[in-house]
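Structure data (mmCIF, C-alpha atoms) from model32.cif:
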data_target
loop_
_atom_site.group_PDB
_atom_site.id
_atom_site.type_symbol
_atom_site.label_atom_id
_atom_site.label_comp_id
_atom_site.auth_asym_id
_atom_site.auth_seq_id
_atom_site.Cartn_x
_atom_site.Cartn_y
_atom_site.Cartn_z
ATOM 1 C CA MET A 877 -22.659 -44.439 5.294
ATOM 2 C CA LYS A 878 -21.047 -42.642 2.377
ATOM 3 C CA THR A 879 -20.096 -39.053 3.112
ATOM 4 C CA ILE A 880 -19.339 -35.940 1.078
ATOM 5 C CA LEU A 881 -16.626 -33.782 2.593
ATOM 6 C CA VAL A 882 -17.302 -30.076 2.065
ATOM 7 C CA LEU A 883 -14.411 -27.687 2.638
ATOM 8 C CA THR A 884 -15.405 -24.231 3.846
ATOM 9 C CA ASP A 885 -13.641 -20.971 4.659
ATOM 10 C CA PHE A 886 -16.904 -19.272 5.737
ATOM 11 C CA SER A 887 -16.945 -16.942 2.729
ATOM 12 C CA ILE A 888 -20.183 -16.140 0.901
ATOM 13 C CA ASN A 889 -19.228 -18.505 -1.893
ATOM 14 C CA ALA A 890 -18.500 -21.246 0.640
ATOM 15 C CA ASP A 891 -22.162 -20.977 1.670
ATOM 16 C CA TYR A 892 -23.197 -21.578 -1.952
ATOM 17 C CA VAL A 893 -20.862 -24.575 -2.160
ATOM 18 C CA ALA A 894 -22.288 -26.039 1.062
ATOM 19 C CA GLN A 895 -25.836 -25.615 -0.275
ATOM 20 C CA TYR A 896 -24.845 -27.239 -3.573
ATOM 21 C CA ALA A 897 -23.249 -30.161 -1.721
ATOM 22 C CA LEU A 898 -26.317 -30.562 0.497
ATOM 23 C CA ARG A 899 -28.639 -30.878 -2.535
ATOM 24 C CA PHE A 900 -26.175 -33.262 -4.159
ATOM 25 C CA ALA A 901 -26.042 -35.371 -0.981
ATOM 26 C CA GLN A 902 -29.840 -35.557 -0.908
ATOM 27 C CA ASP A 903 -29.829 -36.685 -4.535
ATOM 28 C CA ILE A 904 -27.417 -39.580 -3.993
ATOM 29 C CA GLY A 905 -28.254 -40.489 -0.390
ATOM 30 C CA ALA A 906 -25.018 -39.394 1.279
ATOM 31 C CA ASN A 907 -24.169 -37.550 4.485
ATOM 32 C CA ILE A 908 -22.230 -34.282 4.821
ATOM 33 C CA LEU A 909 -19.006 -33.571 6.692
ATOM 34 C CA LEU A 910 -18.511 -29.803 6.788
ATOM 35 C CA CYS A 911 -14.810 -29.209 7.260
ATOM 36 C CA ASN A 912 -12.621 -26.206 8.066
ATOM 37 C CA ILE A 913 -8.848 -26.488 8.219
ATOM 38 C CA TYR A 914 -7.033 -23.634 9.934
ATOM 39 C CA GLN A 915 -3.387 -22.746 10.450
ATOM 40 C CA ALA A 916 -1.657 -22.513 13.811
ATOM 41 C CA PRO A 917 -1.316 -18.913 15.035
ATOM 42 C CA ALA A 918 2.140 -17.381 14.685
ATOM 43 C CA TYR A 919 2.633 -17.262 18.440
ATOM 44 C CA ALA A 920 1.779 -20.949 18.991
ATOM 45 C CA GLU A 921 4.351 -23.119 20.732
ATOM 46 C CA THR A 922 4.543 -26.845 21.250
ATOM 47 C CA THR A 923 6.469 -28.623 23.963
ATOM 48 C CA GLY A 924 6.338 -32.392 24.250
ATOM 49 C CA ASN A 925 2.824 -33.600 25.032
ATOM 50 C CA VAL A 926 1.682 -30.430 26.782
ATOM 51 C CA SER A 927 -1.911 -29.570 25.944
ATOM 52 C CA TRP A 928 -2.163 -25.834 25.318
ATOM 53 C CA PRO A 929 -5.420 -23.896 25.753
ATOM 54 C CA MET A 930 -7.667 -23.536 22.717
ATOM 55 C CA ASN A 931 -6.328 -20.797 20.421
ATOM 56 C CA ASP A 932 -8.438 -18.180 18.638
ATOM 57 C CA ASN A 933 -8.236 -19.927 15.255
ATOM 58 C CA GLU A 934 -9.530 -23.177 16.719
ATOM 59 C CA GLU A 935 -12.335 -21.524 18.685
ATOM 60 C CA ASN A 936 -13.458 -19.426 15.724
ATOM 61 C CA SER A 937 -13.371 -22.452 13.429
ATOM 62 C CA ILE A 938 -15.528 -24.553 15.747
ATOM 63 C CA ASN A 939 -18.038 -21.753 16.362
ATOM 64 C CA ASP A 940 -18.329 -20.739 12.708
ATOM 65 C CA LEU A 941 -18.734 -24.365 11.624
ATOM 66 C CA GLY A 942 -21.485 -24.833 14.184
ATOM 67 C CA ALA A 943 -23.314 -21.805 12.830
ATOM 68 C CA GLN A 944 -23.026 -23.019 9.225
ATOM 69 C CA VAL A 945 -24.206 -26.517 10.171
ATOM 70 C CA ALA A 946 -27.205 -24.989 11.952
ATOM 71 C CA VAL A 947 -28.153 -23.052 8.794
ATOM 72 C CA LEU A 948 -27.978 -26.196 6.650
ATOM 73 C CA LYS A 949 -30.060 -28.192 9.129
ATOM 74 C CA SER A 950 -32.645 -25.415 9.193
ATOM 75 C CA ARG A 951 -32.924 -25.663 5.415
ATOM 76 C CA LEU A 952 -33.564 -29.387 5.734
ATOM 77 C CA ASP A 953 -36.269 -28.740 8.342
ATOM 78 C CA VAL A 954 -38.084 -26.523 5.846
ATOM 79 C CA GLU A 955 -37.498 -28.517 2.665
ATOM 80 C CA VAL A 956 -37.576 -32.192 3.699
ATOM 81 C CA SER A 957 -40.885 -33.703 4.719
ATOM 82 C CA GLY A 958 -42.356 -37.174 5.079
ATOM 83 C CA ASN A 959 -39.999 -39.910 3.989
ATOM 84 C CA GLY A 960 -37.633 -37.576 2.120
ATOM 85 C CA PHE A 961 -33.951 -38.315 2.640
ATOM 86 C CA ARG A 962 -32.352 -36.119 5.276
ATOM 87 C CA PRO A 963 -28.522 -36.208 5.265
ATOM 88 C CA ASP A 964 -26.703 -36.194 8.569
ATOM 89 C CA ILE A 965 -24.515 -33.091 8.811
ATOM 90 C CA GLU A 966 -21.404 -33.253 10.959
ATOM 91 C CA GLN A 967 -18.548 -30.821 11.392
ATOM 92 C CA TYR A 968 -14.797 -31.224 11.576
ATOM 93 C CA SER A 969 -12.355 -28.532 12.574
ATOM 94 C CA GLY A 970 -8.629 -29.187 12.426
ATOM 95 C CA GLU A 971 -5.227 -27.579 12.196
ATOM 96 C CA GLY A 972 -2.808 -28.483 9.429
ATOM 97 C CA MET A 973 -2.196 -28.630 5.706
ATOM 98 C CA LEU A 974 -5.318 -28.863 3.574
ATOM 99 C CA SER A 975 -4.442 -31.819 1.348
ATOM 100 C CA ASP A 976 -2.783 -33.792 4.168
ATOM 101 C CA THR A 977 -5.804 -33.397 6.436
ATOM 102 C CA LEU A 978 -8.212 -34.277 3.642
ATOM 103 C CA ASN A 979 -6.306 -37.482 2.852
ATOM 104 C CA GLU A 980 -6.201 -38.444 6.545
ATOM 105 C CA LEU A 981 -9.972 -37.999 6.805
ATOM 106 C CA ALA A 982 -10.468 -40.066 3.659
ATOM 107 C CA LEU A 983 -8.595 -42.944 5.308
ATOM 108 C CA THR A 984 -10.646 -42.889 8.514
ATOM 109 C CA ARG A 985 -14.126 -42.146 7.145
ATOM 110 C CA ASP A 986 -16.179 -43.400 4.199
ATOM 111 C CA ILE A 987 -15.559 -40.254 2.131
ATOM 112 C CA LEU A 988 -16.893 -40.266 -1.441
ATOM 113 C CA MET A 989 -15.272 -37.030 -2.530
ATOM 114 C CA ALA A 990 -14.317 -33.530 -1.468
ATOM 115 C CA VAL A 991 -16.346 -30.565 -2.697
ATOM 116 C CA ILE A 992 -14.595 -27.210 -3.057
ATOM 117 C CA SER A 993 -14.765 -23.887 -4.883
ATOM 118 C CA MET A 994 -11.875 -22.058 -6.501
ATOM 119 C CA HIS A 995 -13.185 -18.515 -6.395
ATOM 120 C CA SER A 996 -14.730 -15.797 -4.308
ATOM 121 C CA ALA A 997 -16.038 -12.342 -5.137
ATOM 122 C CA ASP A 998 -12.927 -10.732 -3.657
ATOM 123 C CA LYS A 999 -9.950 -10.771 -6.057
ATOM 124 C CA ILE A 1000 -7.327 -10.727 -3.289
ATOM 125 C CA SER A 1001 -8.833 -13.574 -1.263
ATOM 126 C CA GLU A 1002 -9.508 -15.375 -4.553
ATOM 127 C CA PHE A 1003 -5.760 -15.517 -5.250
ATOM 128 C CA PHE A 1004 -5.050 -17.310 -1.992
ATOM 129 C CA ALA A 1005 -8.134 -19.518 -2.268
ATOM 130 C CA THR A 1006 -6.973 -20.673 -5.701
ATOM 131 C CA ASN A 1007 -3.573 -21.702 -4.351
ATOM 132 C CA HIS A 1008 -5.178 -23.654 -1.511
ATOM 133 C CA ALA A 1009 -7.666 -25.320 -3.827
ATOM 134 C CA TRP A 1010 -4.934 -26.301 -6.250
ATOM 135 C CA ASP A 1011 -2.973 -27.934 -3.417
ATOM 136 C CA ILE A 1012 -6.046 -30.074 -2.747
ATOM 137 C CA VAL A 1013 -6.608 -31.019 -6.391
ATOM 138 C CA ASP A 1014 -2.944 -31.804 -6.986
ATOM 139 C CA ASN A 1015 -2.463 -33.968 -3.891
ATOM 140 C CA ALA A 1016 -5.840 -35.473 -3.013
ATOM 141 C CA ARG A 1017 -6.159 -39.261 -3.099
ATOM 142 C CA LEU A 1018 -9.907 -39.105 -3.695
ATOM 143 C CA PRO A 1019 -12.119 -37.347 -6.254
ATOM 144 C CA VAL A 1020 -12.514 -33.581 -5.889
ATOM 145 C CA MET A 1021 -15.564 -31.745 -7.218
ATOM 146 C CA VAL A 1022 -14.952 -28.090 -8.106
ATOM 147 C CA ILE A 1023 -18.099 -25.958 -8.076
ATOM 148 C CA PRO A 1024 -18.325 -22.824 -10.273
ATOM 149 C CA TYR A 1025 -18.945 -19.512 -8.550
ATOM 150 C CA GLN A 1026 -22.416 -19.450 -6.967
ATOM 151 C CA ALA A 1027 -23.626 -22.492 -8.935
ATOM 152 C CA ARG A 1028 -26.962 -24.066 -7.993
ATOM 153 C CA PHE A 1029 -27.377 -27.833 -7.936
ATOM 154 C CA LYS A 1030 -29.597 -29.634 -10.396
ATOM 155 C CA PRO A 1031 -29.708 -33.401 -10.924
ATOM 156 C CA PHE A 1032 -27.219 -34.568 -13.527
ATOM 157 C CA ARG A 1033 -28.795 -35.379 -16.893
ATOM 158 C CA LEU A 1034 -25.641 -35.515 -19.014
ATOM 159 C CA ILE A 1035 -22.105 -36.241 -17.776
ATOM 160 C CA ALA A 1036 -19.058 -35.806 -20.017
ATOM 161 C CA PHE A 1037 -15.957 -37.905 -19.344
ATOM 162 C CA ALA A 1038 -12.741 -36.643 -20.950
ATOM 163 C CA THR A 1039 -10.375 -39.594 -21.321
ATOM 164 C CA GLU A 1040 -7.144 -40.627 -23.013
ATOM 165 C CA MET A 1041 -8.915 -43.960 -23.573
ATOM 166 C CA ASN A 1042 -6.289 -45.989 -21.754
ATOM 167 C CA TYR A 1043 -7.064 -49.211 -19.901
ATOM 168 C CA THR A 1044 -7.172 -47.609 -16.420
ATOM 169 C CA ASP A 1045 -9.831 -45.082 -17.430
ATOM 170 C CA ILE A 1046 -12.347 -47.873 -17.965
ATOM 171 C CA ASN A 1047 -12.343 -48.289 -14.161
ATOM 172 C CA ILE A 1048 -13.083 -44.598 -13.719
ATOM 173 C CA LEU A 1049 -15.893 -44.851 -16.273
ATOM 174 C CA GLU A 1050 -17.351 -47.674 -14.211
ATOM 175 C CA SER A 1051 -17.274 -45.410 -11.144
ATOM 176 C CA ILE A 1052 -18.963 -42.592 -13.075
ATOM 177 C CA THR A 1053 -21.822 -44.873 -14.130
ATOM 178 C CA GLY A 1054 -22.598 -45.402 -10.444
ATOM 179 C CA LEU A 1055 -23.109 -41.661 -10.105
ATOM 180 C CA ALA A 1056 -25.096 -41.425 -13.359
ATOM 181 C CA LYS A 1057 -27.598 -44.063 -12.196
ATOM 182 C CA TYR A 1058 -29.058 -41.784 -9.506
ATOM 183 C CA SER A 1059 -30.646 -39.544 -12.158
ATOM 184 C CA ASN A 1060 -30.460 -41.810 -15.227
ATOM 185 C CA ALA A 1061 -27.898 -39.440 -16.725
ATOM 186 C CA GLY A 1062 -26.325 -40.051 -20.089
ATOM 187 C CA ILE A 1063 -22.529 -40.270 -20.321
ATOM 188 C CA VAL A 1064 -20.552 -38.786 -23.202
ATOM 189 C CA VAL A 1065 -17.072 -40.321 -23.446
ATOM 190 C CA THR A 1066 -14.871 -37.828 -25.265
ATOM 191 C CA ASN A 1067 -11.286 -37.643 -26.447
ATOM 192 C CA ILE A 1068 -9.402 -34.658 -27.865
ATOM 193 C CA SER A 1069 -6.664 -35.404 -30.400
ATOM 194 C CA ASP A 1070 -4.842 -33.800 -33.356
ATOM 195 C CA GLU A 1071 -6.581 -36.010 -35.858
ATOM 196 C CA LYS A 1072 -9.524 -38.353 -35.891
ATOM 197 C CA ASN A 1073 -8.874 -41.274 -33.586
ATOM 198 C CA GLU A 1074 -8.079 -44.578 -35.137
ATOM 199 C CA GLU A 1075 -11.074 -46.833 -35.036
ATOM 200 C CA ASN A 1076 -8.984 -49.536 -33.390
ATOM 201 C CA MET A 1077 -8.315 -47.386 -30.288
ATOM 202 C CA VAL A 1078 -11.957 -46.459 -29.844
ATOM 203 C CA GLU A 1079 -13.104 -50.012 -30.529
ATOM 204 C CA LYS A 1080 -10.599 -51.438 -28.050
ATOM 205 C CA PHE A 1081 -11.806 -49.078 -25.305
ATOM 206 C CA PHE A 1082 -15.502 -49.650 -25.912
ATOM 207 C CA ASN A 1083 -15.071 -53.416 -26.254
ATOM 208 C CA GLN A 1084 -14.130 -53.479 -22.558
ATOM 209 C CA ILE A 1085 -17.433 -51.926 -21.501
ATOM 210 C CA PRO A 1086 -19.906 -54.850 -21.846
ATOM 211 C CA SER A 1087 -17.851 -57.179 -19.639
ATOM 212 C CA LYS A 1088 -17.269 -54.551 -16.900
ATOM 213 C CA ILE A 1089 -20.072 -51.997 -17.083
ATOM 214 C CA ASN A 1090 -23.812 -52.533 -17.315
ATOM 215 C CA TYR A 1091 -25.083 -49.098 -18.292
ATOM 216 C CA PRO A 1092 -26.856 -48.351 -21.572
ATOM 217 C CA GLY A 1093 -26.510 -44.572 -21.717
ATOM 218 C CA ILE A 1094 -22.851 -44.323 -22.836
ATOM 219 C CA VAL A 1095 -21.974 -42.680 -26.169
ATOM 220 C CA TYR A 1096 -18.740 -41.505 -27.799
ATOM 221 C CA HIS A 1097 -17.896 -38.013 -29.047
ATOM 222 C CA ASN A 1098 -14.566 -37.206 -30.698
ATOM 223 C CA ILE A 1099 -13.114 -33.693 -30.763
ATOM 224 C CA ILE A 1100 -10.327 -32.966 -33.241
ATOM 225 C CA GLY A 1101 -7.756 -30.430 -32.064
ATOM 226 C CA SER A 1102 -4.359 -29.929 -30.459
ATOM 227 C CA ASP A 1103 -5.528 -27.857 -27.463
ATOM 228 C CA VAL A 1104 -7.171 -30.147 -24.908
ATOM 229 C CA VAL A 1105 -8.444 -27.298 -22.739
ATOM 230 C CA ALA A 1106 -9.983 -25.475 -25.710
ATOM 231 C CA GLY A 1107 -11.593 -28.728 -26.813
ATOM 232 C CA LEU A 1108 -13.151 -29.346 -23.404
ATOM 233 C CA LYS A 1109 -14.414 -25.781 -23.131
ATOM 234 C CA GLN A 1110 -15.884 -26.133 -26.613
ATOM 235 C CA LEU A 1111 -17.622 -29.292 -25.458
ATOM 236 C CA SER A 1112 -19.058 -27.524 -22.392
ATOM 237 C CA ALA A 1113 -20.227 -24.581 -24.485
ATOM 238 C CA HIS A 1114 -21.938 -26.543 -27.251
ATOM 239 C CA ILE A 1115 -23.317 -29.572 -25.397
ATOM 240 C CA ASP A 1116 -25.590 -29.052 -22.403
ATOM 241 C CA ILE A 1117 -23.623 -31.111 -19.899
ATOM 242 C CA ASP A 1118 -24.216 -30.926 -16.150
ATOM 243 C CA LEU A 1119 -20.868 -32.353 -15.036
ATOM 244 C CA LEU A 1120 -17.444 -32.670 -16.635
ATOM 245 C CA VAL A 1121 -15.174 -35.471 -15.387
ATOM 246 C CA ILE A 1122 -11.413 -35.483 -15.940
ATOM 247 C CA VAL A 1123 -8.450 -37.475 -14.627
ATOM 248 C CA HIS A 1124 -5.619 -35.514 -13.025
ATOM 249 C CA GLN A 1125 -2.181 -36.448 -14.313
ATOM 250 C CA LYS A 1126 0.506 -35.089 -11.999
ATOM 251 C CA HIS A 1127 3.344 -33.372 -13.842
ATOM 252 C CA ASN A 1128 7.007 -33.146 -12.935
ATOM 253 C CA PHE A 1129 8.693 -29.994 -11.644
ATOM 254 C CA LEU A 1130 9.739 -28.617 -15.046
ATOM 255 C CA GLN A 1131 6.262 -29.123 -16.511
ATOM 256 C CA LYS A 1132 4.762 -27.274 -13.556
ATOM 257 C CA LEU A 1133 7.370 -24.514 -13.866
ATOM 258 C CA PHE A 1134 6.917 -23.817 -17.584
ATOM 259 C CA GLY A 1135 3.191 -24.324 -18.002
ATOM 260 C CA TRP A 1136 -0.009 -25.259 -16.216
ATOM 261 C CA ASN A 1137 -1.351 -28.680 -16.983
ATOM 262 C CA VAL A 1138 -4.832 -29.417 -18.261
ATOM 263 C CA THR A 1139 -6.358 -29.854 -14.803
ATOM 264 C CA ARG A 1140 -5.131 -26.508 -13.526
ATOM 265 C CA LYS A 1141 -6.359 -24.685 -16.613
ATOM 266 C CA MET A 1142 -9.775 -26.335 -16.371
ATOM 267 C CA THR A 1143 -10.156 -25.543 -12.662
ATOM 268 C CA ASN A 1144 -9.115 -21.917 -13.054
ATOM 269 C CA ARG A 1145 -12.642 -20.793 -13.951
ATOM 270 C CA PRO A 1146 -14.846 -23.839 -14.548
ATOM 271 C CA GLY A 1147 -18.002 -23.141 -16.494
ATOM 272 C CA LYS A 1148 -19.591 -26.391 -15.309
ATOM 273 C CA PRO A 1149 -19.170 -28.459 -12.141
ATOM 274 C CA LEU A 1150 -15.912 -30.362 -12.554
ATOM 275 C CA LEU A 1151 -15.210 -33.776 -10.993
ATOM 276 C CA ILE A 1152 -11.498 -34.590 -10.874
ATOM 277 C CA PHE A 1153 -10.312 -38.144 -10.273
ATOM 278 C CA PRO A 1154 -6.732 -38.739 -9.146
ATOM 279 C CA CYS A 1155 -4.784 -40.899 -11.571
ATOM 280 C CA SER A 1156 -5.037 -44.488 -10.312
ATOM 281 C CA THR A 1157 -4.386 -47.880 -11.804
ATOM 282 C CA VAL A 1158 -5.953 -49.753 -8.906
ATOM 283 C CA LYS A 1159 -9.678 -50.350 -9.249
ATOM 284 C CA ALA A 1160 -10.089 -50.989 -5.523
ATOM 285 C CA THR A 1161 -9.040 -47.402 -4.726
ATOM 286 C CA LEU A 1162 -11.740 -45.763 -6.860
ATOM 287 C CA THR A 1163 -14.917 -44.234 -5.479
ATOM 288 C CA VAL A 1164 -17.992 -46.473 -5.526
ATOM 289 C CA PHE A 1165 -21.091 -44.289 -5.598
#
Translate the structure of the given file into structure tokens.
Amino acid sequence: MKTILVLTDFSINADYVAQYALRFAQDIGANILLCNIYQAPAYAETTGNVSWPMNDNEENSINDLGAQVAVLKSRLDVEVSGNGFRPDIEQYSGEGMLSDTLNELALTRDILMAVISMHSADKISEFFATNHAWDIVDNARLPVMVIPYQARFKPFRLIAFATEMNYTDINILESITGLAKYSNAGIVVTNISDEKNEENMVEKFFNQIPSKINYPGIVYHNIIGSDVVAGLKQLSAHIDIDLLVIVHQKHNFLQKLFGWNVTRKMTNRPGKPLLIFPCSTVKATLTVF
């Protein structure tokens, strides 16, 4: 069954993210994999295939995950009755790099997406959390949903999809419609450019929809401007969207060195839940909700 992977560091905000993901999973009929990735302690040694005793990081991770899973299951006991959908909640504790471990799990389990948060209430821990979260966003091979600080879940009624209107994004739009169908959400396809888009580009993109996508609630909204991030924040501020979807374009070293790209700027302090798809030209690799 489809599963939402929820990354946690056991902070207060991680509890909010887990609760958000649980409501989201109930809404779309998915299970939860609550995941904590820890680093090896400084004193750890490895020799051949010797199995060393459990270290403190591993033991704490397993115990804290168990406690958080128990809290989520207790919420389900109170809130779900009768034939209401009750997600299975499993836990995974592992040592390693965040993005590498996430991608390995995505290969071995039916993972829809990862759900993370960028921020905490503590400014010092927030700095490190942001770096870890960005590693996930930049290297994940599956969609990543970034939840604003202490956001509460509500069913999606309007989803905005920011696109360059190229031929690969039509596949991502098809994936988004699968998510929209759970709550009959409308989809606003938007593009930010210096001047009004040529009708031919818009027409070419939308002409692909009838043969590939059967969903009536798709409209187009053009934003004129040179600053993509400002345009998207303007969209979020003036249109009551519940989810913003973007495609992450990885930049080269010099672009990363001299300026953040659009994805990083949007994830810095998202005002709305943000769903980030990795750039992909292969339809078979995209999430099917």
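When CA of Ile913 (chain A) is paired with CA of Leu941 (chain A), their separation reads 10.7 Å.
Minimum atom-to-atom distance to Lys1148 (chain A), evaluated using all atoms listed in the file, belongs to A:Ser1112 out of A:Ser1112, A:Gln1084, A:Gln902, A:Thr1163.
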Open item on the list: Selection in question (the file shown): the PyMOL selection byres ((chain A and resi 1110) around 12). Which residues does it include, as a PyMOL selection string?
Closed with: chain A and resi 1066+1068+1098-1101+1103-1109+1111-1117+1142+1147-1148
Open item on the list: At a cut-off of 7 Å, using only C-alpha atoms, what residues contact Leu881 (chain A)? Leave out same-chain residues fewer than 4 positions from it and give the result as a PyMOL selection string.
Closed with: chain A and resi 908-911+987+989-991
Open item on the list: Please determine, counting only C-alpha atoms, which residue among A:Arg1028, A:Arg985, A:Arg899, A:His1097 has the shortest atom-to-atom distance to Pro963 (chain A).
Closed with: A:Arg899
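Surrounding region 1045-1057 of chain A within 6 Å are Ala1061, Ile1089, Lys1159, Val1164 and Phe1165 of chain A, with only C-alpha atoms counted and residues fewer than 4 positions along the same chain left out.
One distance worth recording is that between CA of Val1065 (chain A) and CA of Phe1082 (chain A), which is 9.8 Å.
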Task: Residue neighbourhood Asp1014 (chain A), 8 Å, all atoms listed in the file, exclusion window fewer than 2 positions, as a PyMOL selection string - done: chain A and resi 1010-1012+1016+1124+1126
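You will find CA of Ile938 (chain A) at 24.0 Å from CA of Ile1023 (chain A).
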